[in-house]
Amino acid sequence: MIGLTFDTGALIALERRRQRMREVVEHALAKDQPITVPADVIAEWWRGRTDLRELILQSVDVEPLTEALARRAGEALAQVSGATLVDAVVMASAASRGDVVYSSDVEDLEKLRRHFPSVRVLGI
């Protein structure tokens with residue numbers, strides 16, 4: 001089963017209660033589809049504890065930044081000019097499982113598809 005990987009924009013959309021992201025999460029949870037969020041995305045998104053942020057975190061699997069994941073992201077950064085660390089980690093994370101990425105930054109992530117061609121990126 002194909003899982004989902006969320007970037008920072010996807011978490012912000014959930015926090016702002018955007019209908020499309022709520023539907024994505026509800027559909028994934030109903031199908032027992034895993035939702036992964038790399039830990040560096042949490043650092044970029046987190047601005048203090050709220051009940052809603054805690055609820056969002058309870059609905060996803062937070063993936064730690066391992067050495068292997070960091071290396072794959074670093075290799076992508078070396079090949080894709082202007083890519084950011086968080087975006088590279090998101091794409092490397094998704095590629096390791098064959099996930100679909102949900103993002104508000106589709107254009108930036110599409111540049112990284114040169115390095116991770118198997119990853120599909122969907123806008124929110």
# chains A, B, ... in the order shown; residues from 1 in each chain; ligands from 1
>>> select_by_dssp(residues="chain A", states="helix (DSSP H, G or I)", output="number ranges by chain")
A: 8-15, 19-30, 39-45, 51-58, 67-79, 85-97, 106-112
>>> select_by_dssp(residues="chain A", states="strand (DSSP E)", output="PyMOL selection string")
chain A and resi 4-6+35-38+61-63+100-103+120-123
>>> residues_around(residues="segment 23-31 of chain A", least_positions_apart="3", cutoff="9 Å", atoms="only C-alpha atoms", output="ChimeraX atom specification")
/A:3-4,14,18-20,34-35,59
>>> residues_around(residues="Arg16 of chain A", least_positions_apart="6", cutoff="10 Å", atoms="only C-alpha atoms", output="list of chain:residue names")
A:Ala10, A:Arg22, A:Leu52
>>> write_last_selection(atoms="C-alpha atoms", output="PDB file, in the first residue's frame")
ATOM      1  CA  ALA A  10       0.716  20.058   4.563  1.00  0.00           C
ATOM      2  CA  ARG A  22      -8.671  17.092   6.236  1.00  0.00           C
ATOM      3  CA  LEU A  52      -4.518  20.944  17.567  1.00  0.00           C
TER       4      LEU A  52
END
>>> closest_residue(among="A:Val101, A:Val86, A:Met21, A:Met91", to="Phe6 of chain A", atoms="only C-alpha atoms")
A:Val101
>>> closest_residue(among="A:Arg114, A:Ile56, A:Ser93, A:Val41", to="Arg71 of chain A", atoms="only C-alpha atoms")
A:Ser93
>>> atom_distance(atom1="atom CA of Asp99 of chain A", atom2="atom CA of Ile2 of chain A")
5.5 Å
>>> atom_distance(atom1="atom CA of Gly9 of chain A", atom2="atom CA of Asp51 of chain A")
18.7 Å
>>> closest_residue(among="A:Ala94, A:Ala13, A:Ala83, A:Glu67", to="Val119 of chain A", atoms="only C-alpha atoms")
A:Ala94
>>> closest_residue(among="A:Asp108, A:Glu15, A:Glu44, A:Asp32", to="Ser81 of chain A", atoms="only C-alpha atoms")
A:Asp108
>>> closest_residue(among="A:Ile12, A:Ala73, A:Val62, A:Met1", to="Ala92 of chain A", atoms="only C-alpha atoms")
A:Ala73
>>> residues_around(residues="Ser103 of chain A", least_positions_apart="2", cutoff="6 Å", atoms="only C-alpha atoms", output="PyMOL selection string")
chain A and resi 7+9-10+105-106+123-124
>>> closest_residue(among="A:Val37, A:Ala43, A:Leu112, A:Val121", to="Ala78 of chain A", atoms="only C-alpha atoms")
A:Leu112
>>> atom_distance(atom1="atom CA of Glu75 of chain A", atom2="atom CA of Lys111 of chain A")
13.8 Å
